[in-house]
Structures are given as structure tokens and as C-alpha cells.
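Asks: My file is upload-v6.cif. It has mmCIF, C-alpha atoms and all ligand atoms:
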```
data_entry
loop_
_atom_site.label_atom_id
_atom_site.label_comp_id
_atom_site.auth_asym_id
_atom_site.auth_seq_id
_atom_site.Cartn_x
_atom_site.Cartn_y
_atom_site.Cartn_z
CA MET A 247 -7.24 -11.77 19.21
CA PRO A 248 -6.93 -10.42 15.74
CA GLY A 249 -7.16 -12.95 12.98
CA SER A 250 -9.08 -15.48 15.01
CA ALA A 251 -12.41 -13.97 14.09
CA GLY A 252 -12.87 -15.46 10.66
CA THR A 253 -13.99 -18.97 9.91
CA VAL A 254 -12.05 -19.15 6.65
CA PRO A 255 -8.88 -21.19 7.14
CA PRO A 256 -5.65 -19.44 6.14
CA ALA A 257 -4.82 -20.21 2.56
CA GLY A 258 -1.10 -20.28 3.34
CA GLY A 259 -0.24 -19.01 -0.10
CA GLY A 260 -1.56 -22.07 -1.84
CA GLN A 261 -2.53 -21.87 -5.47
CA ALA A 262 -5.90 -23.58 -5.17
CA PRO A 263 -9.05 -21.46 -5.49
CA ARG A 264 -11.00 -21.23 -2.23
CA THR A 265 -14.34 -22.27 -3.57
CA ALA A 266 -14.97 -24.93 -6.16
CA PRO A 267 -15.69 -22.98 -9.32
CA ALA A 268 -17.47 -24.25 -12.40
CA PRO A 269 -15.16 -26.50 -14.43
CA GLY A 270 -14.58 -24.01 -17.26
CA ILE A 271 -13.81 -21.16 -14.88
CA GLY A 272 -11.70 -23.52 -12.75
CA ALA A 273 -9.51 -24.34 -15.72
CA LEU A 274 -9.10 -20.64 -16.48
CA ALA A 275 -8.27 -19.85 -12.85
CA ALA A 276 -5.72 -22.66 -12.73
CA GLU A 277 -4.21 -21.33 -15.93
CA ALA A 278 -4.11 -17.80 -14.54
CA SER A 279 -2.38 -18.82 -11.32
CA GLY A 280 -0.14 -21.32 -13.06
CA ALA A 281 1.02 -18.68 -15.50
CA GLN A 282 2.32 -16.66 -12.56
CA ALA A 283 3.58 -19.46 -10.36
CA GLY A 284 6.50 -17.33 -9.20
CA TYR A 285 4.16 -14.51 -8.10
CA GLY A 286 6.15 -11.89 -6.25
CA GLU A 287 9.37 -13.88 -6.16
CA ASP A 288 11.54 -10.77 -6.28
CA ALA A 289 9.19 -8.45 -4.42
CA LEU A 290 9.88 -7.19 -0.92
CA ILE A 291 6.18 -7.06 -0.05
CA VAL A 292 3.82 -9.69 -1.41
CA CYS A 293 0.10 -9.71 -0.69
CA ASP A 294 -1.58 -12.62 -2.36
CA ARG A 295 -5.37 -12.67 -2.26
CA LEU A 296 -5.37 -11.16 1.19
CA VAL A 297 -8.63 -11.38 3.12
CA ARG A 298 -9.44 -9.78 6.47
CA ILE A 299 -12.88 -10.29 7.90
CA TYR A 300 -13.86 -8.55 11.11
CA GLN A 301 -16.72 -9.86 13.21
CA ARG A 302 -18.61 -7.13 14.97
CA GLU A 303 -21.66 -8.06 17.01
CA GLY A 304 -22.29 -11.01 14.77
CA ILE A 305 -21.92 -8.98 11.59
CA GLU A 306 -19.08 -9.72 9.20
CA VAL A 307 -17.13 -6.81 7.76
CA GLN A 308 -14.95 -7.80 4.84
CA ALA A 309 -12.22 -5.18 5.15
CA LEU A 310 -9.91 -6.89 2.63
CA GLN A 311 -11.47 -8.97 -0.09
CA GLY A 312 -8.65 -10.75 -1.89
CA LEU A 313 -6.14 -7.93 -2.16
CA ASP A 314 -3.09 -8.48 -4.36
CA LEU A 315 -0.10 -6.18 -4.06
CA LEU A 316 3.55 -6.42 -4.97
CA VAL A 317 6.11 -3.85 -3.85
CA GLU A 318 9.65 -4.03 -5.14
CA PRO A 319 12.60 -3.14 -2.92
CA GLY A 320 13.31 0.58 -3.01
CA GLU A 321 9.86 1.68 -4.18
CA LEU A 322 7.93 4.58 -2.72
CA THR A 323 4.25 3.75 -3.04
CA ALA A 324 1.29 5.87 -2.03
CA VAL A 325 -1.89 4.03 -1.04
CA VAL A 326 -5.14 5.91 -1.58
CA GLY A 327 -8.80 5.02 -1.30
CA ALA A 328 -12.09 6.09 0.21
CA SER A 329 -12.66 5.91 3.95
CA GLY A 330 -13.34 2.31 4.94
CA SER A 331 -11.73 0.84 1.80
CA GLY A 332 -9.25 -1.17 3.87
CA LYS A 333 -6.08 0.93 3.84
CA SER A 334 -5.40 0.82 7.58
CA THR A 335 -6.34 -2.85 7.71
CA LEU A 336 -3.64 -3.52 5.13
CA MET A 337 -1.09 -1.37 6.94
CA ASN A 338 -1.78 -3.04 10.30
CA ILE A 339 -1.25 -6.44 8.74
CA LEU A 340 1.99 -5.32 7.09
CA ALA A 341 3.10 -3.86 10.42
CA GLY A 342 2.62 -7.25 12.07
CA LEU A 343 -0.09 -5.83 14.37
CA ASP A 344 -2.91 -7.85 12.84
CA THR A 345 -3.14 -11.12 10.92
CA PRO A 346 -5.11 -11.89 7.78
CA THR A 347 -8.16 -14.16 7.84
CA ALA A 348 -7.01 -15.78 4.61
CA GLY A 349 -4.48 -15.29 1.86
CA MET A 350 -0.75 -14.86 2.08
CA VAL A 351 1.36 -11.89 3.08
CA ARG A 352 5.13 -11.95 3.01
CA VAL A 353 7.51 -9.10 3.81
CA ALA A 354 11.27 -9.50 3.44
CA GLY A 355 10.85 -13.26 3.60
CA TYR A 356 8.66 -13.23 6.73
CA ASP A 357 5.34 -15.02 6.20
CA LEU A 358 3.20 -12.76 8.39
CA GLY A 359 0.32 -15.20 8.60
CA GLY A 360 2.34 -17.78 10.50
CA LEU A 361 4.78 -16.04 12.79
CA SER A 362 5.49 -17.25 16.30
CA PRO A 363 5.31 -14.49 18.95
CA ARG A 364 9.11 -14.37 18.99
CA GLN A 365 9.35 -14.05 15.21
CA ARG A 366 6.65 -11.39 15.24
CA LEU A 367 8.65 -9.38 17.74
CA ALA A 368 11.81 -9.72 15.64
CA TYR A 369 9.87 -8.73 12.54
CA ARG A 370 8.44 -5.61 14.18
CA ARG A 371 11.78 -4.66 15.69
CA ASP A 372 14.03 -5.25 12.67
CA VAL A 373 12.05 -5.20 9.44
CA VAL A 374 9.35 -2.52 9.64
CA GLY A 375 9.08 0.98 11.00
CA PHE A 376 5.70 2.64 11.46
CA VAL A 377 4.50 6.24 11.45
CA TRP A 378 0.91 6.99 12.45
CA GLN A 379 -1.25 10.00 11.82
CA GLN A 380 -1.28 11.18 15.42
CA ALA A 381 2.02 12.35 16.83
CA SER A 382 0.91 11.08 20.24
CA GLN A 383 0.98 7.53 18.85
CA ASN A 384 4.49 7.96 17.48
CA LEU A 385 6.35 9.75 20.24
CA LEU A 386 6.39 9.62 24.03
CA PRO A 387 5.48 13.10 25.29
CA TYR A 388 7.88 13.13 28.23
CA LEU A 389 10.96 12.16 26.20
CA THR A 390 13.02 14.47 24.03
CA ALA A 391 13.34 13.84 20.28
CA ARG A 392 16.73 12.22 20.80
CA GLN A 393 15.41 9.98 23.59
CA ASN A 394 12.43 9.01 21.46
CA VAL A 395 14.68 7.96 18.58
CA MET A 396 17.00 6.06 20.94
CA LEU A 397 14.17 4.17 22.61
CA PRO A 398 13.55 1.47 19.95
CA MET A 399 17.31 0.88 19.75
CA ARG A 400 17.36 -0.33 23.36
CA LEU A 401 15.98 -3.63 22.13
CA GLY A 402 18.99 -4.02 19.84
CA ARG A 403 22.61 -4.64 20.67
CA ALA A 404 24.00 -1.14 20.23
CA GLY A 405 25.62 0.57 23.21
CA ARG A 406 24.40 3.91 24.58
CA ARG A 407 26.98 6.00 22.81
CA GLU A 408 26.30 4.34 19.48
CA ARG A 409 22.57 4.84 19.97
CA ALA A 410 23.00 8.52 20.75
CA THR A 411 25.19 8.97 17.66
CA ARG A 412 22.71 7.24 15.42
CA ALA A 413 19.82 9.22 16.89
CA GLY A 414 21.76 12.42 16.19
CA SER A 415 22.42 11.48 12.57
CA LEU A 416 18.81 10.46 11.99
CA LEU A 417 17.47 13.72 13.43
CA ASP A 418 20.00 15.52 11.27
CA ALA A 419 18.96 13.60 8.14
CA LEU A 420 15.31 14.44 8.85
CA GLN A 421 16.27 18.10 9.38
CA VAL A 422 15.14 18.23 12.99
CA ALA A 423 18.55 18.27 14.68
CA HIS A 424 17.46 21.52 16.38
CA CYS A 425 14.69 19.59 18.14
CA ALA A 426 17.00 16.95 19.64
CA ASP A 427 16.55 18.17 23.21
CA ARG A 428 12.92 19.21 22.96
CA THR A 429 9.92 17.18 23.94
CA PRO A 430 7.13 16.74 21.32
CA GLY A 431 5.00 19.41 23.03
CA ARG A 432 7.59 22.01 22.06
CA MET A 433 7.76 21.08 18.38
CA SER A 434 5.61 22.00 15.37
CA GLY A 435 3.38 19.37 13.75
CA GLY A 436 5.84 18.90 10.90
CA GLU A 437 8.80 18.61 13.27
CA ARG A 438 6.95 16.00 15.30
CA GLN A 439 6.25 13.87 12.21
CA ARG A 440 9.85 14.20 11.02
CA THR A 441 10.99 13.07 14.47
CA ALA A 442 8.48 10.21 14.24
CA ILE A 443 10.05 9.15 10.93
CA ALA A 444 13.50 9.27 12.53
CA THR A 445 12.18 7.11 15.39
CA ALA A 446 10.66 4.62 12.95
CA LEU A 447 14.04 4.34 11.22
CA ALA A 448 16.00 3.77 14.44
CA ASN A 449 16.54 0.06 13.88
CA ARG A 450 17.29 0.36 10.16
CA PRO A 451 14.05 -1.19 8.90
CA ARG A 452 13.83 -2.24 5.27
CA VAL A 453 10.25 -1.04 5.09
CA LEU A 454 8.70 2.14 6.40
CA LEU A 455 4.91 2.14 6.73
CA ALA A 456 3.09 5.41 7.24
CA ASP A 457 -0.68 5.58 7.73
CA GLU A 458 -1.89 9.12 7.02
CA PRO A 459 1.28 10.70 8.44
CA THR A 460 0.20 14.05 7.01
CA GLY A 461 -3.47 13.79 7.97
CA ASP A 462 -3.21 16.32 10.79
CA LEU A 463 -1.03 18.80 8.91
CA ASP A 464 -1.70 21.81 6.68
CA THR A 465 -0.93 21.49 2.96
CA ALA A 466 2.54 23.04 3.03
CA THR A 467 3.67 21.03 6.06
CA ALA A 468 2.18 17.86 4.54
CA ALA A 469 4.24 18.37 1.39
CA ASP A 470 7.26 18.90 3.60
CA VAL A 471 6.75 15.63 5.49
CA MET A 472 6.15 13.82 2.21
CA ALA A 473 9.43 15.28 0.94
CA ALA A 474 11.09 13.82 4.04
CA LEU A 475 9.65 10.38 3.22
CA THR A 476 10.91 10.74 -0.35
CA ALA A 477 14.37 11.63 0.94
CA VAL A 478 14.36 8.60 3.23
CA ASN A 479 13.39 6.46 0.26
CA THR A 480 16.00 7.79 -2.16
CA GLY A 481 18.76 8.59 0.34
CA LEU A 482 18.56 5.57 2.64
CA GLY A 483 17.01 3.13 0.17
CA VAL A 484 14.15 2.34 2.54
CA THR A 485 11.04 0.98 0.84
CA VAL A 486 8.15 3.27 1.77
CA LEU A 487 4.42 2.63 1.75
CA VAL A 488 2.38 5.69 2.66
CA VAL A 489 -1.39 6.02 3.03
CA SER A 490 -2.85 9.41 2.22
CA HIS A 491 -6.20 11.00 1.58
CA ASP A 492 -4.50 13.98 0.00
CA PRO A 493 -4.11 13.71 -3.80
CA ALA A 494 -1.31 16.29 -3.69
CA VAL A 495 0.63 14.10 -1.25
CA ALA A 496 -0.01 10.95 -3.28
CA ALA A 497 1.11 12.73 -6.45
CA GLN A 498 4.59 13.01 -4.96
CA ALA A 499 5.02 9.22 -5.08
CA SER A 500 6.19 7.57 -8.27
CA ARG A 501 3.52 4.91 -7.80
CA THR A 502 0.02 5.27 -6.37
CA VAL A 503 -2.09 2.23 -5.61
CA ALA A 504 -5.82 2.81 -5.19
CA ILE A 505 -7.78 0.45 -2.95
CA ARG A 506 -11.51 0.04 -3.48
CA ASP A 507 -13.68 -2.28 -1.44
CA GLY A 508 -10.72 -4.15 0.00
CA ARG A 509 -8.91 -4.72 -3.29
CA THR A 510 -6.32 -2.88 -5.30
CA SER A 511 -8.30 -1.36 -8.16
CA SER A 512 -5.99 0.94 -10.05
CA GLU A 513 -2.41 2.11 -10.13
CA THR A 514 -0.90 5.36 -11.28
CA LEU A 515 2.71 5.34 -12.34
CA ARG A 516 4.58 8.63 -12.63
CA HIS A 517 7.90 9.32 -14.18
CA ALA A 518 9.92 12.40 -14.86
CA ALA A 519 11.01 13.13 -18.40
CA THR A 520 12.64 15.99 -20.26
CA ASP A 521 10.79 17.70 -23.07
CA GLU A 522 12.32 18.93 -26.34
CA PHE A 523 13.23 22.24 -24.68
CA GLY A 524 15.07 20.53 -21.86
CA ASN A 525 12.33 21.23 -19.29
CA ALA A 526 11.52 18.60 -16.69
CA THR A 527 8.03 17.22 -17.18
CA HIS A 528 6.04 14.66 -15.24
CA HIS A 529 3.93 11.98 -16.82
CA ALA A 530 1.28 10.08 -14.92
CA VAL A 531 -0.47 7.09 -16.41
CA GLU A 532 -3.34 5.35 -14.64
CA TYR A 533 -3.74 1.61 -15.06
CA ALA A 534 -6.49 -0.72 -13.92
CA VAL A 535 -5.09 -3.60 -11.87
CA LEU A 536 -5.43 -7.03 -13.44
CA ASP A 537 -5.40 -9.55 -10.63
CA ARG A 538 -4.14 -13.11 -10.76
CA ALA A 539 -7.57 -14.52 -11.51
CA GLY A 540 -7.96 -12.10 -14.43
CA ARG A 541 -10.27 -9.67 -12.57
CA VAL A 542 -10.27 -5.97 -13.41
CA GLN A 543 -12.26 -3.30 -11.55
CA LEU A 544 -13.79 -0.90 -14.03
CA PRO A 545 -13.78 2.68 -12.73
CA ARG A 546 -17.22 3.54 -11.32
CA GLU A 547 -17.46 6.72 -13.41
CA MET A 548 -16.84 4.83 -16.68
CA MET A 549 -19.46 2.20 -15.79
CA ARG A 550 -21.99 4.83 -14.78
CA ARG A 551 -21.58 6.77 -18.02
CA LEU A 552 -22.23 3.66 -20.11
CA GLY A 553 -24.90 2.25 -17.81
CA MET A 554 -22.81 -0.87 -17.20
CA ARG A 555 -23.95 -3.23 -14.46
CA ASP A 556 -24.25 -6.93 -13.67
CA ARG A 557 -22.55 -8.12 -16.86
CA VAL A 558 -20.60 -6.79 -19.80
CA ARG A 559 -19.81 -8.20 -23.19
CA LEU A 560 -16.16 -8.76 -24.09
CA GLU A 561 -14.59 -8.98 -27.47
CA ALA A 562 -10.98 -9.97 -28.05
CA GLN A 563 -9.10 -7.96 -30.63
CA PRO A 564 -5.55 -8.71 -31.72
CA ASP A 565 -4.20 -5.92 -29.51
CA HIS A 566 -6.95 -5.09 -27.02
CA ILE A 567 -10.16 -6.30 -25.44
CA GLY A 568 -13.40 -4.39 -25.99
CA VAL A 569 -15.95 -4.09 -23.15
CA TRP A 570 -19.59 -3.28 -23.93
CA PRO A 571 -22.64 -2.84 -21.73
CA HIS A 572 -24.76 -5.94 -22.24
CA THR A 573 -27.74 -3.83 -23.27
CA SER A 574 -25.88 -2.27 -26.22
CA PRO A 575 -25.81 -3.95 -29.62
CA GLY A 576 -22.24 -4.89 -28.73
CA PRO A 577 -19.31 -5.29 -31.00
CA GLN A 578 -20.02 -4.28 -34.55
CA PRO A 579 -18.62 -6.30 -37.42
CA PRO A 580 -15.14 -5.06 -38.22
CA SER A 581 -15.31 -2.04 -40.48
CA PRO A 582 -13.24 -2.04 -43.65
CA PRO A 583 -9.85 -0.35 -43.26
CA PRO A 584 -9.86 3.36 -44.15
CA ALA A 585 -8.99 4.04 -47.76
CA GLY A 586 -6.59 6.95 -47.41
CA PRO A 587 -3.71 7.67 -44.99
CA GLU A 588 -4.46 7.62 -41.23
CA GLN A 589 -7.18 10.00 -40.19
CA ASP A 590 -8.55 10.88 -36.81
CA GLY A 591 -12.23 10.35 -36.03
N1 LIG B 601 -11.32 -3.59 14.54
C1 LIG B 601 -12.32 -3.56 13.67
N2 LIG B 601 -13.48 -4.22 13.94
C2 LIG B 601 -14.49 -4.23 13.06
N3 LIG B 601 -14.46 -3.60 11.86
C3 LIG B 601 -13.36 -2.95 11.54
C4 LIG B 601 -12.22 -2.86 12.42
N4 LIG B 601 -11.26 -2.14 11.82
C5 LIG B 601 -11.77 -1.76 10.63
N5 LIG B 601 -13.02 -2.24 10.46
C6 LIG B 601 -13.85 -2.04 9.27
O1 LIG B 601 -13.14 -2.50 8.14
C7 LIG B 601 -13.32 -1.63 7.03
C8 LIG B 601 -11.97 -1.09 6.57
O2 LIG B 601 -11.46 -0.26 7.58
P1 LIG B 601 -10.06 0.50 7.48
O3 LIG B 601 -9.79 1.13 8.79
O4 LIG B 601 -9.04 -0.43 6.96
O5 LIG B 601 -10.38 1.60 6.38
P2 LIG B 601 -9.49 2.81 5.87
O6 LIG B 601 -9.38 2.68 4.39
O7 LIG B 601 -8.23 2.90 6.62
O8 LIG B 601 -10.42 4.07 6.20
P3 LIG B 601 -10.00 5.57 6.65
O9 LIG B 601 -9.58 6.27 5.39
O10 LIG B 601 -11.26 6.14 7.21
O11 LIG B 601 -8.89 5.48 7.65
C9 LIG B 601 -14.30 -0.57 7.50
O12 LIG B 601 -15.59 -0.96 7.11
C10 LIG B 601 -14.16 -0.59 9.00
O13 LIG B 601 -15.36 -0.20 9.61
MG MG B 602 -7.38 4.30 7.95
#
```
For the structure just supplied, provide its representation as C-alpha cells.

Replies:
Amino acid sequence: MPGSAGTVPPAGGGQAPRTAPAPGIGALAAEASGAQAGYGEDALIVCDRLVRIYQREGIEVQALQGLDLLVEPGELTAVVGASGSGKSTLMNILAGLDTPTAGMVRVAGYDLGGLSPRQRLAYRRDVVGFVWQQASQNLLPYLTARQNVMLPMRLGRAGRRERATRAGSLLDALQVAHCADRTPGRMSGGERQRTAIATALANRPRVLLADEPTGDLDTATAADVMAALTAVNTGLGVTVLVVSHDPAVAAQASRTVAIRDGRTSSETLRHAATDEFGNATHHAVEYAVLDRAGRVQLPREMMRRLGMRDRVRLEAQPDHIGVWPHTSPGPQPPSPPPAGPEQDG
């Protein structure tokens, strides 16, 4: 049974640190968590120090190591990260298919760590829709597109006619109305994934989770399926979380969250702007994630270049914090302000 493997008791969203830290650090940690007591109050998805430990033949695999993530309603977020970084583990937990070993995860008010079987069923039926990489996991091969989309609705209260109408409009919205009476075997890869998205939306979920939905597709078709997810997000207001290996796919999301070693490590935020000539431009800014305990993951490449390891020296400036390798002479005494007007270099 998932979730029963670990020996760490669920933290249940409590504020207390899991291990007793040194007094000085403890005070800082308490301050850090106290300062954000309302962590994720308005968010639709809240992951608070999420831990998932798998036990495999006596060996512990820490798939998630205290992952923090907030997703606001209506966001479209891409999740990227190396193979084995914990992306699918996170998605399976958010989908209600797996439970965390420790930490708190809440989606649309459902505390996923402590659901009864009945609540879990309701959560999976009403709150989340899921699209997997393989079409065979998303669609039943012997049903037509329309029948596939109607299937999840059977668990709801809608009558047959209403279900057929909704299936028709969803297939239409996903631009696969022409596939309504075809089985998945007679569709293209892109059509199958669009039908899978329609199926995932059948019960009007607030959140759509997609784990590598474009992994089996060529570049053009992948962009097409990503465009469909964007349309679902903007047109239907569904909050979308999509895992992708493909930087081009991730670049289509306004927010990209990178996971490294089971933690969110950096975020890229993109926004469209208009330049002085009236042309649409896109700006992307990458941020390191500062977690609730004050931890930041320095990009590997930056650390390697400066030979940083084990410890770094910090220096607080009025408007920034300097980080030095501990072998370097470290912060120099402040230099006198330049004499003339501002100069570069
Ligand atoms: N059921 C399981 N039992 C044991 N270990 C697991 C299980 N599922 C995942 N892991 C391990 O947990 C870690 C994270 O796996 P996960 O599938 O979340 O990675 P991922 O980021 O989705 O990778 P990929 O990009 O290859 O899909 C890996 O080390 C993996 O081997
Ligand atoms: Mg995966």
C-alpha cells in the first residue's frame, strides 16, 4: 500500500520542524515558518514540505525530499526536471493515487494525506483529471472517443443524453469532433491525446494533471497538444499542471517549476509584453526557489564554476545577499562610491 512504507509519521501540516535542530537554527526556523503562518491560504494546490520515501528491497529511495509548491487557481504550470527527480511521484500524489510519507498536500481543500477511501474516490472523480504519456493508459481501445469521454461521467448524476451532449462539446472544444465515432486505434497520436484531455475534463475537474502528455509525440504534434492544454486553461479556467522533458513544451507555460532531487529548485516566470514598436515580446526570468526554512538551491553550473561545495560564506547587503565560496577571500571591504556619474564595469 502506497504511503505505508515510510517510518516517518505524517506531519499533518504542522509547523514544527521534524528533527530537533540546534537552538539558534531552531529559532530561525520557527521565525521562518511563523512569518508565513498562512502558507498557501489562497492557493488551489499546496505542497508543504512533502516527503515520499519508497522502500525497495530494504533500500530507501527519497523521491520527494521536502518539496514546497503553491499553485494559484487558474495557473498553467510546467514541471520540469531530470529523470528520477520526483516529477511523477508528485503527480501521483496530487492525483490521489499515492500518499506522502510526510508533509502536507492540499488540493481544493482536500487534505490528500488523510482521505478516507470514500473521500479519495470523490476527490479523484470530481476535483482532478489526469492525462498520462501513453494513450493506452488514457483511453479504452474498444470504445470510441465519445464513449471514452462519456465513461467517467457515468459515476456522476448526469443522464445519458446530457453526457453525450457534454462529450460532444468537449471533443469539439479540443478540436477532435471528427474523431467522435472512432476508436483510439484509428486516430493520430495528437488526436488521441486531445481526446484524452477531453476525457480528463469530463467531470469538470478544477485541476488537470498531465504527466509527459507529449512524451510520445513529435515536436509539432507536442506543441499542438500543449496548445490544447493552454486553451483548456484559458478558455475553461482549469488549473493545469503539466510535466514535460521538452524545453519547447515547457516554454509555452507562463510558469515553469524545476524539480531537483525531490525539491522545487527554480522557477521561470514568463510574460508577454509589447515593445516600443508595438511588437509582442516574451520575457522569461528564472528565479531560485526560497523555501519556508530559508533554503535556496544554487544552480549546479554556478557552483561548479566557482568551485563551491560543502559551505559558502554569506554577506548581507542592504539590498542583496552575497554568496562566496568558502575558499575565496570572501567579501571585500566596501569600496568607496565611484567619483563620477554611474559607469559600467
Ligand atoms: N514505486 C516505486 N518504488 C520504488 N522507487 C520508486 C518508485 N517510483 C519511483 N521511484 C523512485 O523515486 C525516484 C523518483 O521517481 P519519479 O518517477 O518520480 O521520477 P521522474 O522525475 O518522474 O522521472 P522520469 O522523468 O524518468 O519520469 C526515482 O529514484 C525512482 O526510481
Ligand atoms: Mg516520470

Asks: Find the spatial neighbours of Gly312 in chain A, counting only C-alpha atoms, within a cut-off of 7 Å - ignore same-chain residues fewer than 6 positions away - and output them as a short mmCIF file (atom, residue, chain, number, x, y, z; two decimals) with C-alpha atoms, in the frame of the given file.

Replies:
```cif
data_model
loop_
_atom_site.label_atom_id
_atom_site.label_comp_id
_atom_site.auth_asym_id
_atom_site.auth_seq_id
_atom_site.Cartn_x
_atom_site.Cartn_y
_atom_site.Cartn_z
CA ARG A 295 -5.37 -12.67 -2.26
CA LEU A 296 -5.37 -11.16 1.19
CA VAL A 297 -8.63 -11.38 3.12
CA ARG A 509 -8.91 -4.72 -3.29
#
```

Asks: Just to confirm, what's the straight-line distance from CA of Met396 in chain A to CA of Asp470 in chain A in Å (one decimal)?

Replies: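 Computing it gives 23.7 Å between the two atoms.
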
Asks: With the cut-off set at 12 Å and counting all atoms listed in the file, tabulate each residue of chain A with an atom at most that distance from an atom of ligand MG 602 (chain B), showing the nearest atom pair and its distance in Å to one decimal, ordered by chain and increasing number, as a tab-separated table.

Replies:
```
residue	atom	partner	partner_atom	distance
A:Ala309	CA	B:MG602	MG	11.0
A:Val325	CA	B:MG602	MG	10.5
A:Val326	CA	B:MG602	MG	9.9
A:Gly327	CA	B:MG602	MG	9.4
A:Ala328	CA	B:MG602	MG	9.2
A:Ser329	CA	B:MG602	MG	6.8
A:Gly330	CA	B:MG602	MG	7.0
A:Ser331	CA	B:MG602	MG	8.3
A:Gly332	CA	B:MG602	MG	7.1
A:Lys333	CA	B:MG602	MG	5.5
A:Ser334	CA	B:MG602	MG	4.0
A:Thr335	CA	B:MG602	MG	7.2
A:Leu336	CA	B:MG602	MG	9.1
A:Met337	CA	B:MG602	MG	8.5
A:Asn338	CA	B:MG602	MG	9.5
A:Trp378	CA	B:MG602	MG	9.8
A:Gln379	CA	B:MG602	MG	9.2
A:Gln380	CA	B:MG602	MG	11.8
A:Ala456	CA	B:MG602	MG	10.6
A:Asp457	CA	B:MG602	MG	6.8
A:Glu458	CA	B:MG602	MG	7.4
A:Pro459	CA	B:MG602	MG	10.8
A:Gly461	CA	B:MG602	MG	10.3
A:Val488	CA	B:MG602	MG	11.2
A:Val489	CA	B:MG602	MG	7.9
A:Ser490	CA	B:MG602	MG	8.9
A:His491	CA	B:MG602	MG	9.3
A:Ile505	CA	B:MG602	MG	11.6
```

Asks: For each of A:Ser382, A:Thr527, A:Thr323, A:Thr345, take the minimum atom-to-atom distance to ligand LIG 601 (chain B), counting only C-alpha atoms and all ligand atoms, then give the residue where this is smallest.

Replies: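 Of A:Ser382, A:Thr527, A:Thr323, A:Thr345, the one nearest ligand LIG 601 (chain B), counting only C-alpha atoms and all ligand atoms, is A:Thr345.
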
Asks: What lies within 8 Å of Val569 in chain A using all atoms listed in the file, ignoring chain neighbours under 2 positions off, as a short mmCIF file (atom, residue, chain, number, x, y, z; two decimals) with C-alpha atoms, keeping the file's coordinate frame?

Replies:
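Heads up, here's the output in result-v1.cif:
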```cif
data_model
loop_
_atom_site.label_atom_id
_atom_site.label_comp_id
_atom_site.auth_asym_id
_atom_site.auth_seq_id
_atom_site.Cartn_x
_atom_site.Cartn_y
_atom_site.Cartn_z
CA VAL A 558 -20.60 -6.79 -19.80
CA ARG A 559 -19.81 -8.20 -23.19
CA LEU A 560 -16.16 -8.76 -24.09
CA GLU A 561 -14.59 -8.98 -27.47
CA ILE A 567 -10.16 -6.30 -25.44
CA PRO A 571 -22.64 -2.84 -21.73
#
```

Asks: Just how far from CA of Ala348 in chain A is atom C6 of ligand LIG 601 (chain B), in Å to one decimal?

Replies: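 It comes out at 16.0 Å.
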
Asks: Using only C-alpha atoms, which protein or nucleic acid residues come within 10 Å of range 383-394 of chain A? Drop anything in the same chain fewer than 2 positions from it, and give the result as JSON, numbers by chain.

Replies: {"A": [376, 377, 378, 379, 380, 381, 396, 397, 398, 399, 409, 410, 411, 412, 413, 414, 416, 417, 422, 423, 424, 425, 426, 427, 428, 429, 430, 431, 432, 433, 437, 438, 439, 440, 441, 442, 443, 444, 445, 446, 448, 459]}

Asks: Which one is closest to ligand LIG 601 (chain B): A:Ala473, A:Ala499, A:Ala526, A:Ala504? Count only C-alpha atoms and all ligand atoms.

Replies: A:Ala504

Asks: Which residues are near Gly553 in chain A? Cut-off 9 Å, all atoms listed in the file, ignore same chain within fewer than 4 positions. Put them as a list in words.

Replies: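 Residues near the query, excluding close chain neighbours: Met548, Met549, Pro571 and Thr573 of chain A.
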
Asks: Could you tell me how far CA of Tyr369 in chain A sits from CA of Leu475 in chain A, in Å to one decimal place?

Replies: 21.3 Å

Asks: Nearest residue to Arg366 in chain A out of A:Gly524, A:Pro451, A:Gly342, A:Gly402, using all atoms listed in the file?

Replies: A:Gly342

Asks: In terms of the shortest atom-to-atom distance over only C-alpha atoms and all ligand atoms, which of A:Leu316, A:Ile339, A:Leu544, A:Val471 is closest to ligand LIG 601 (chain B)?

Replies: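 For ligand LIG 601 (chain B), the nearest of the candidates is A:Ile339.
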
Asks: For ligand LIG 601 (chain B), which residue out of A:Thr467, A:Gln498, A:Thr510, A:Ser415 is the nearest one, using all atoms listed in the file?

Replies: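 Result for the nearest residue to ligand LIG 601 (chain B): A:Thr510.
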